[in-house]
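Okay, query.txt now, which holds compact mmCIF, C-alpha atoms:
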# COMPACT_ATOMS: atom_id res chain seq x y z
CA MET A 1 187.60 124.60 55.66
CA PRO A 2 187.53 127.94 53.77
CA ASP A 3 184.80 128.45 51.16
CA VAL A 4 187.46 128.53 48.40
CA PHE A 5 187.72 124.73 48.63
CA ASN A 6 183.96 124.16 48.38
CA SER A 7 182.17 123.92 45.08
CA HIS A 8 179.65 126.64 44.11
CA LYS A 9 176.72 124.21 44.50
CA GLN A 10 177.76 123.31 48.02
CA VAL A 11 178.07 126.96 49.01
CA GLU A 12 174.67 127.74 47.49
CA SER A 13 173.02 124.84 49.30
CA VAL A 14 174.57 125.91 52.59
CA GLU A 15 173.38 129.48 52.02
CA GLN A 16 169.89 128.25 51.15
CA ASN A 17 169.76 126.11 54.28
CA SER A 18 170.86 129.01 56.48
CA SER A 19 168.29 131.37 54.88
CA LYS A 20 165.59 128.69 55.38
CA LYS A 21 166.56 128.44 59.02
CA GLN A 22 166.32 132.21 59.34
CA ILE A 23 162.83 132.19 57.81
CA GLU A 24 161.79 129.37 60.14
CA VAL A 25 163.06 131.31 63.13
CA LYS A 26 161.15 134.42 62.06
CA LYS A 27 157.80 132.59 62.04
CA PRO A 28 155.90 133.20 65.31
CA GLU A 29 155.61 130.07 67.35
CA LYS A 30 152.03 128.87 67.74
CA LYS A 31 151.10 127.66 71.20
CA PHE A 32 147.70 126.54 69.99
CA LYS A 33 147.32 124.05 67.22
CA THR A 34 144.74 124.77 64.53
CA PRO A 35 142.96 122.41 62.12
CA GLU A 36 145.65 123.34 59.56
CA ASP A 37 148.29 121.82 61.84
CA MET A 38 146.51 118.61 62.76
CA ASP A 39 143.18 116.78 62.71
CA ARG A 40 140.42 118.87 64.31
CA HIS A 41 139.36 115.96 66.53
CA GLU A 42 142.80 115.67 68.09
CA LEU A 43 143.04 119.33 69.05
CA PRO A 44 143.33 119.98 72.79
CA GLY A 45 140.06 121.46 74.06
CA HIS A 46 138.03 120.06 71.15
CA ASN A 47 135.03 117.96 72.18
CA HIS A 48 131.60 116.89 70.98
CA ASN A 49 129.70 117.63 74.15
CA PRO A 50 126.94 120.17 73.33
CA PHE A 51 126.95 121.23 77.01
CA ALA A 52 130.71 121.94 77.05
CA ALA A 53 131.67 125.31 78.46
CA TYR A 54 134.92 125.41 76.48
CA CYS A 55 135.18 124.00 72.99
CA TYR A 56 138.09 124.67 70.65
CA TYR A 57 137.13 124.47 66.97
CA PRO A 58 133.63 123.03 67.62
CA ASP A 59 132.13 120.87 64.88
CA HIS A 60 128.53 121.97 64.38
CA VAL A 61 128.19 125.50 65.66
CA ASN A 62 126.30 128.08 63.69
CA PHE A 63 125.00 131.44 64.78
CA VAL A 64 122.88 134.27 63.48
CA ASN A 65 124.57 136.53 60.89
CA ALA A 66 127.54 134.20 60.47
CA ASP A 67 129.55 134.66 57.28
CA PRO A 68 129.79 131.51 55.15
CA GLU A 69 133.61 131.60 55.25
CA GLU A 70 133.82 132.39 58.95
CA LYS A 71 135.33 129.63 61.11
CA VAL A 72 134.30 129.26 64.76
CA VAL A 73 137.48 128.97 66.82
CA LEU A 74 136.05 128.97 70.34
CA LEU A 75 132.63 128.40 71.86
CA LEU A 76 132.46 129.50 75.47
CA ARG A 77 129.85 129.39 78.21
CA ARG A 78 129.92 130.16 81.90
CA HIS A 79 131.72 127.43 83.87
CA PRO A 80 129.27 124.64 84.86
CA ILE A 81 130.10 125.24 88.53
CA THR A 82 128.31 128.61 88.28
CA ASN A 83 125.07 126.63 87.95
CA LEU A 84 125.50 125.22 91.43
CA SER A 85 123.59 128.07 93.11
CA TRP A 86 120.40 127.64 91.07
CA ILE A 87 120.67 123.83 91.17
CA SER A 88 120.78 124.04 94.99
CA ILE A 89 117.74 126.33 95.02
CA ALA A 90 115.93 123.96 92.63
CA PHE A 91 116.74 121.00 94.88
CA LEU A 92 115.31 122.82 97.91
CA MET A 93 112.23 123.71 95.86
CA VAL A 94 111.78 120.06 94.84
CA ILE A 95 111.81 118.82 98.43
CA ALA A 96 109.78 121.75 99.79
CA PRO A 97 106.31 120.11 99.30
CA SER A 98 107.30 117.51 101.92
CA PHE A 99 107.11 120.33 104.46
CA PHE A 100 103.88 121.85 103.12
CA VAL A 101 101.82 119.64 105.44
CA LEU A 102 103.47 121.35 108.38
CA ILE A 103 102.02 124.67 107.29
CA ALA A 104 98.60 125.05 108.90
CA PRO A 105 96.57 126.68 106.06
CA PHE A 106 97.80 124.12 103.50
CA SER A 107 97.06 121.07 105.65
CA LEU A 108 93.55 122.37 106.35
CA LEU A 109 92.67 122.69 102.66
CA PRO A 110 90.54 119.98 101.00
CA PRO A 111 92.68 117.16 99.41
CA GLY A 112 91.84 118.28 95.86
CA PHE A 113 93.21 121.74 96.53
CA GLN A 114 96.32 120.26 98.11
CA VAL A 115 96.99 118.12 95.02
CA VAL A 116 96.52 121.03 92.58
CA LEU A 117 98.65 123.36 94.71
CA THR A 118 101.45 120.77 94.87
CA ILE A 119 101.34 120.23 91.08
CA LEU A 120 101.33 123.99 90.61
CA TRP A 121 104.38 124.25 92.82
CA TYR A 122 106.21 121.68 90.68
CA LEU A 123 105.24 123.62 87.56
CA ILE A 124 106.87 126.70 89.08
CA VAL A 125 109.98 124.62 89.86
CA THR A 126 110.03 123.36 86.25
CA ALA A 127 109.76 126.91 84.95
CA PHE A 128 112.59 128.01 87.22
CA ILE A 129 114.87 125.16 86.13
CA LEU A 130 114.01 125.65 82.44
CA GLU A 131 114.71 129.37 82.54
CA GLU A 132 117.99 129.01 84.40
CA PHE A 133 119.15 126.22 82.11
CA LEU A 134 118.18 128.09 78.93
CA SER A 135 119.88 131.27 80.10
CA TRP A 136 123.08 129.30 80.80
CA PHE A 137 122.96 127.22 77.63
CA PHE A 138 122.28 130.08 75.22
CA HIS A 139 124.42 132.75 76.86
CA VAL A 140 127.54 132.06 74.83
CA ASN A 141 130.68 133.79 73.74
CA ILE A 142 131.95 132.89 70.31
CA VAL A 143 135.39 133.60 68.92
CA THR A 144 135.72 133.20 65.17
CA ASP A 145 138.73 133.83 62.95
CA GLU A 146 137.23 137.24 62.12
CA ARG A 147 135.40 138.52 65.20
CA ILE A 148 134.25 137.97 68.76
CA ILE A 149 130.54 137.62 69.51
CA GLU A 150 128.59 137.72 72.75
CA VAL A 151 125.08 136.27 72.69
CA ASP A 152 123.02 137.13 75.74
CA PHE A 153 119.38 136.48 76.57
CA ILE A 154 118.67 138.83 79.43
CA ASN A 155 115.07 137.71 79.93
CA LEU A 156 112.28 135.88 78.14
CA ILE A 157 111.98 138.25 75.22
CA TYR A 158 115.19 140.28 75.27
CA ARG A 159 118.10 139.18 73.12
CA GLU A 160 121.44 140.97 72.84
CA VAL A 161 124.09 140.03 70.29
CA THR A 162 127.30 142.04 70.48
CA ASP A 163 130.21 141.61 68.13
CA ALA A 164 133.56 143.23 67.36
CA ASN A 165 136.18 142.46 64.73
CA ILE A 166 139.37 140.77 65.86
CA ASP A 167 141.46 143.66 64.49
CA GLN A 168 139.45 146.08 66.65
CA ILE A 169 140.62 144.42 69.86
CA GLN A 170 142.85 146.81 71.76
CA ASP A 171 143.36 145.16 75.09
CA VAL A 172 142.54 141.81 76.68
CA THR A 173 142.43 141.49 80.46
CA VAL A 174 142.04 138.24 82.37
CA VAL A 175 140.36 138.56 85.76
CA VAL A 176 140.46 135.55 88.10
CA GLY A 177 139.61 136.38 91.68
CA GLY A 178 138.33 134.41 94.66
CA ALA A 179 138.81 130.87 95.87
CA PRO A 180 136.21 129.07 93.70
CA ARG A 181 137.46 130.77 90.54
CA THR A 182 141.08 129.94 91.29
CA PHE A 183 140.24 126.36 92.30
CA PHE A 184 138.03 125.59 89.28
CA ARG A 185 140.13 127.71 86.90
CA TYR A 186 137.51 130.07 85.55
CA GLY A 187 137.27 133.82 85.31
CA ASN A 188 136.38 136.83 83.22
CA VAL A 189 138.06 137.96 80.05
CA VAL A 190 137.55 141.68 79.51
CA ILE A 191 138.12 142.79 75.93
CA GLN A 192 138.52 146.48 75.17
CA THR A 193 137.65 147.23 71.57
CA ALA A 194 137.86 150.14 69.19
CA SER A 195 134.32 149.48 67.98
CA GLU A 196 131.12 151.25 69.06
CA ILE A 197 130.80 148.89 72.00
CA PRO A 198 134.02 149.65 73.89
CA LYS A 199 134.00 146.61 76.14
CA ILE A 200 132.98 142.97 75.68
CA GLU A 201 133.19 140.73 78.70
CA PHE A 202 133.32 136.94 78.64
CA GLU A 203 131.97 136.14 82.09
CA ALA A 204 133.05 133.19 84.26
CA ILE A 205 134.50 131.20 81.38
CA PRO A 206 136.82 128.20 81.87
CA ASN A 207 140.53 128.56 81.01
CA PRO A 208 140.54 132.38 80.68
CA ASP A 209 144.31 132.41 80.12
CA ALA A 210 143.98 130.03 77.20
CA VAL A 211 141.21 132.19 75.73
CA ALA A 212 143.39 135.30 76.05
CA ARG A 213 146.23 133.48 74.29
CA VAL A 214 143.96 132.34 71.45
CA LEU A 215 142.74 135.92 71.05
CA ARG A 216 146.34 137.15 70.94
CA GLU A 217 147.26 134.62 68.26
CA LEU A 218 144.20 135.51 66.22
CA ARG A 219 145.14 139.18 66.42
CA ILE A 220 148.67 138.40 65.22
CA GLU A 221 147.23 136.28 62.41
CA GLU A 222 144.86 139.07 61.44
CA GLU A 223 147.73 141.58 61.39
CA GLN A 224 149.76 139.23 59.18
CA GLU A 225 146.78 138.83 56.84
CA LYS A 226 146.50 142.61 56.62
CA LEU A 227 150.21 142.96 55.82
CA GLU A 228 149.98 140.27 53.17
CA GLY A 229 146.80 141.79 51.77
CA ARG A 230 144.69 138.70 52.47
CA VAL A 231 141.96 140.57 54.33
CA ARG A 232 138.44 139.26 53.64
CA MET B 1 90.50 126.25 114.68
CA GLU B 2 90.49 129.77 113.28
CA ALA B 3 92.03 128.46 110.07
CA ILE B 4 89.23 125.89 109.63
CA SER B 5 86.57 128.51 110.07
CA SER B 6 88.36 130.79 107.56
CA PHE B 7 87.95 128.22 104.72
CA THR B 8 84.30 128.92 104.09
CA PRO B 9 82.86 127.96 100.65
CA THR B 10 83.33 131.57 99.52
CA VAL B 11 87.04 131.47 100.39
CA LEU B 12 87.44 128.10 98.65
CA VAL B 13 85.79 129.49 95.49
CA ALA B 14 88.16 132.48 95.64
CA ILE B 15 91.17 130.15 95.96
CA LYS B 16 89.82 128.03 93.09
CA ILE B 17 89.47 131.07 90.79
CA ALA B 18 92.93 132.32 91.81
CA LEU B 19 94.42 128.91 90.97
CA TRP B 20 92.70 128.82 87.56
CA LEU B 21 93.86 132.35 86.78
CA PHE B 22 97.39 131.44 87.76
CA LEU B 23 97.28 128.34 85.57
CA ILE B 24 96.02 130.39 82.60
CA LEU B 25 98.91 132.78 83.12
CA TYR B 26 101.23 129.81 83.35
CA ILE B 27 99.98 128.46 80.01
CA LEU B 28 100.72 131.88 78.48
CA PHE B 29 104.19 131.74 80.02
CA ALA B 30 104.73 128.24 78.59
CA GLY B 31 103.71 129.58 75.16
CA ILE B 32 106.24 132.42 75.50
CA VAL B 33 108.90 129.84 76.43
CA ILE B 34 108.22 128.00 73.14
CA LYS B 35 108.64 131.27 71.24
CA GLN B 36 111.76 132.14 73.26
CA VAL B 37 113.32 128.73 72.57
CA ARG B 38 112.61 129.18 68.85
CA VAL B 39 114.39 132.57 68.88
CA MET B 40 117.28 131.10 70.88
CA THR B 41 117.73 128.11 68.58
CA GLU B 42 117.61 130.39 65.53
CA THR B 43 120.32 132.56 67.10
CA LEU B 44 122.61 129.70 68.03
CA GLN B 45 122.76 126.18 66.67
CA VAL B 46 124.90 123.66 68.51
CA GLY B 47 123.08 120.44 67.65
CA LEU B 48 120.53 120.23 70.47
CA GLU B 49 117.82 122.36 68.89
CA LYS B 50 115.26 119.57 68.40
CA SER B 51 115.57 118.29 71.96
CA ILE B 52 115.21 121.75 73.49
CA ARG B 53 112.23 122.62 71.29
CA THR B 54 110.60 119.30 72.22
CA LEU B 55 111.22 120.06 75.90
CA ALA B 56 109.51 123.45 75.56
CA VAL B 57 106.52 121.89 73.77
CA ILE B 58 106.22 119.16 76.43
CA HIS B 59 106.31 121.88 79.09
CA PHE B 60 103.44 123.66 77.34
CA ILE B 61 101.40 120.43 76.98
CA VAL B 62 101.92 119.59 80.66
CA SER B 63 100.76 123.08 81.73
CA VAL B 64 97.57 122.68 79.64
CA PHE B 65 97.07 119.21 81.11
CA VAL B 66 97.43 120.56 84.66
CA PHE B 67 94.84 123.25 83.91
CA ILE B 68 92.38 120.62 82.64
CA LEU B 69 93.16 118.47 85.69
CA SER B 70 92.46 121.40 88.01
CA LEU B 71 89.09 121.93 86.27
CA ILE B 72 88.22 118.29 87.00
CA ILE B 73 89.59 118.08 90.56
CA LEU B 74 88.49 121.45 91.97

Write out the structure in this file as C-alpha cells.
Amino acid sequence: MPDVFNSHKQVESVEQNSSKKQIEVKKPEKKFKTPEDMDRHELPGHNHNPFAAYCYYPDHVNFVNADPEEKVVLLLRRHPITNLSWISIAFLMVIAPSFFVLIAPFSLLPPGFQVVLTILWYLIVTAFILEEFLSWFFHVNIVTDERIIEVDFINLIYREVTDANIDQIQDVTVVVGGAPRTFFRYGNVVIQTASEIPKIEFEAIPNPDAVARVLRELRIEEEQEKLEGRVR
Amino acid sequence: MEAISSFTPTVLVAIKIALWLFLILYILFAGIVIKQVRVMTETLQVGLEKSIRTLAVIHFIVSVFVFILSLIIL
C-alpha cells in the first residue's frame, strides 16, 4: 500500500522503527559478555578458583598501583600443564633418599648424620617446590579495561611490573606451536605497543585466541570512548 | 674399606660444621622467602595471601627447628 493511504503517525512509527534497526545494526557485535550484559558469576570463563590460569572478570583481584575505577577483565597465568616439568623433578627428588643407602659414602656415615642429611635434602626439596610454585602463582598477566599489566618475579628479590595502556596496543599476535600447546590449547600472546616497552608477552596462557579477542574488543571500546569523549 | 677409613673424627667434624653452615644459610634463605612472599602478596592480591604467608612462616620455623635438631643429633 502506498504511503498516501497511511496516517502520519503510522509513517513516523515505521520510520522510527527502521532507524532503530539501523542503529542496532551499526552497534558492533560483542562476542564476549561483560558484567553489564549479565551477572558476573554466569560469565563464561569466570570462576572462583584462586589457582585458575584463566579468569574472566575475577572477583577479588587487586594489584599494586591499581586505579580505584579500574576493572580487572582478565587474570592470566601460565597453563597448569607447564608445571609438569618441575612437579616431575620434585617427585624424583622426594623419592631420591630411598636410593641414598646405595651410595657408599652416605651409608657409611653415622646414623645421626644420615638423619640430618636426609632432613636437609627434604628442606632443599621444599625450597625448590616453594620457589617454583610462587614463581608460577605470582607471575600473572592482568588485562583491565584501561591497560595490560605483566607482573613477573624473576628471582627471590627481583620484581618486574610492566604495563601499557589499551589504546597503545598496536598489534596482537597469537603464537601456538607444538603438540602439547595445540592439545592443551595454550600459547603466547605477543602484544606490540606504542609505549616505552615495545613488546609485552603473555607466555603459555590458556585460550590465547579468546584473550586476543577480548583485547580487540577492549581496544574498540576504548576507541569508542575516545570518540564519545568519555576517556578517564 | 677406603671409605670407612676416610671418615676419621676430623672429617666428621668438618661434615658437621659444613652441615651447620648450610643450615644457617638455609634459615637466611627461609627469611628471604618470607620477605619475598610479603612483596609478592603486596603486589598481587587474589585471596590467598594469608595462606601463602603462613606457609612461608611455617617453612622458616621448620628450618630453625631442623637447625636445633642438628645441634642435638650431631

Q. Do you know which residues are at most 12 Å from Ala127 (chain A) counting all atoms listed in the file, after dropping those on the same chain fewer than 5 positions away, and could you put them as a list in words?
A.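 The residues satisfying every condition are Ala90, Met93, Leu120, Trp121, Tyr122, Glu132, Phe133, Leu134 and Leu156 of chain A; Tyr26, Ile27, Phe29, Ala30, Gly31, Ile32, Val33, Ile34, Leu55, Ala56, His59, Phe60, Val62 and Ser63 of chain B.
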
Sorted by chain and rising residue number, list the residues of chain B at most 6 Å from chain A (counting only C-alpha atoms), each with its closest atom pair and distance in Å to one decimal, as a tab-separated table.
residue	atom	partner	partner_atom	distance
B:Thr43	CA	A:Val64	CA	4.8
B:Leu44	CA	A:Phe63	CA	4.4
B:Gln45	CA	A:Asn62	CA	5.0
B:Val46	CA	A:Val61	CA	4.7
B:Ile73	CA	A:Gly112	CA	5.8

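Between CA of Arg147 (chain A) and CA of Ile166 (chain A) lies a distance of 4.6 Å.
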
Q: To one decimal in Å, tell me the separation between CA of Phe202 (chain A) and CA of Asn165 (chain A).
A: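 Answer for the CA of Phe202 (chain A) to CA of Asn165 (chain A) separation: 15.2 Å.
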
**Q.** Given all atoms listed in the file as the counted atoms, nearest of B:Leu69, B:Val37, B:Val57, B:Leu48 to Trp20 (chain B)
**A.**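 The shortest atom-to-atom distance to Trp20 (chain B) comes from B:Leu69.
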
Q: List every protein, DNA or RNA residue that has an atom no more than 7 Å from (131.3, 122.0, 80.2) in the file's coordinate frame, counting only C-alpha atoms, and report them as a VMD selection string.
A: chain A and resid 51 to 54 79 to 80

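Atom pair CA of Lys226 (chain A) / CA of Asp167 (chain A) has a distance of 9.4 Å (rounded to one decimal).
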
Q: Scan for residues within 8 Å of the point (130.1, 134.1, 71.0) in the coordinates of the file, using all atoms listed in the file, and reply as a ChimeraX atom specification.
A: /A:74-76,140-143,148-151

Q) Out of A:Ile197, A:Glu146, A:Phe183, A:Gln114, which residue has the shortest atom-to-atom distance to Leu12 (chain B) when counting all atoms listed in the file? A) A:Gln114

(Q) When you count all atoms listed in the file, which of these residues is closest to Phe67 (chain B): B:Lys35, B:Met40, B:Ile17, B:Ile52? (A) B:Ile17
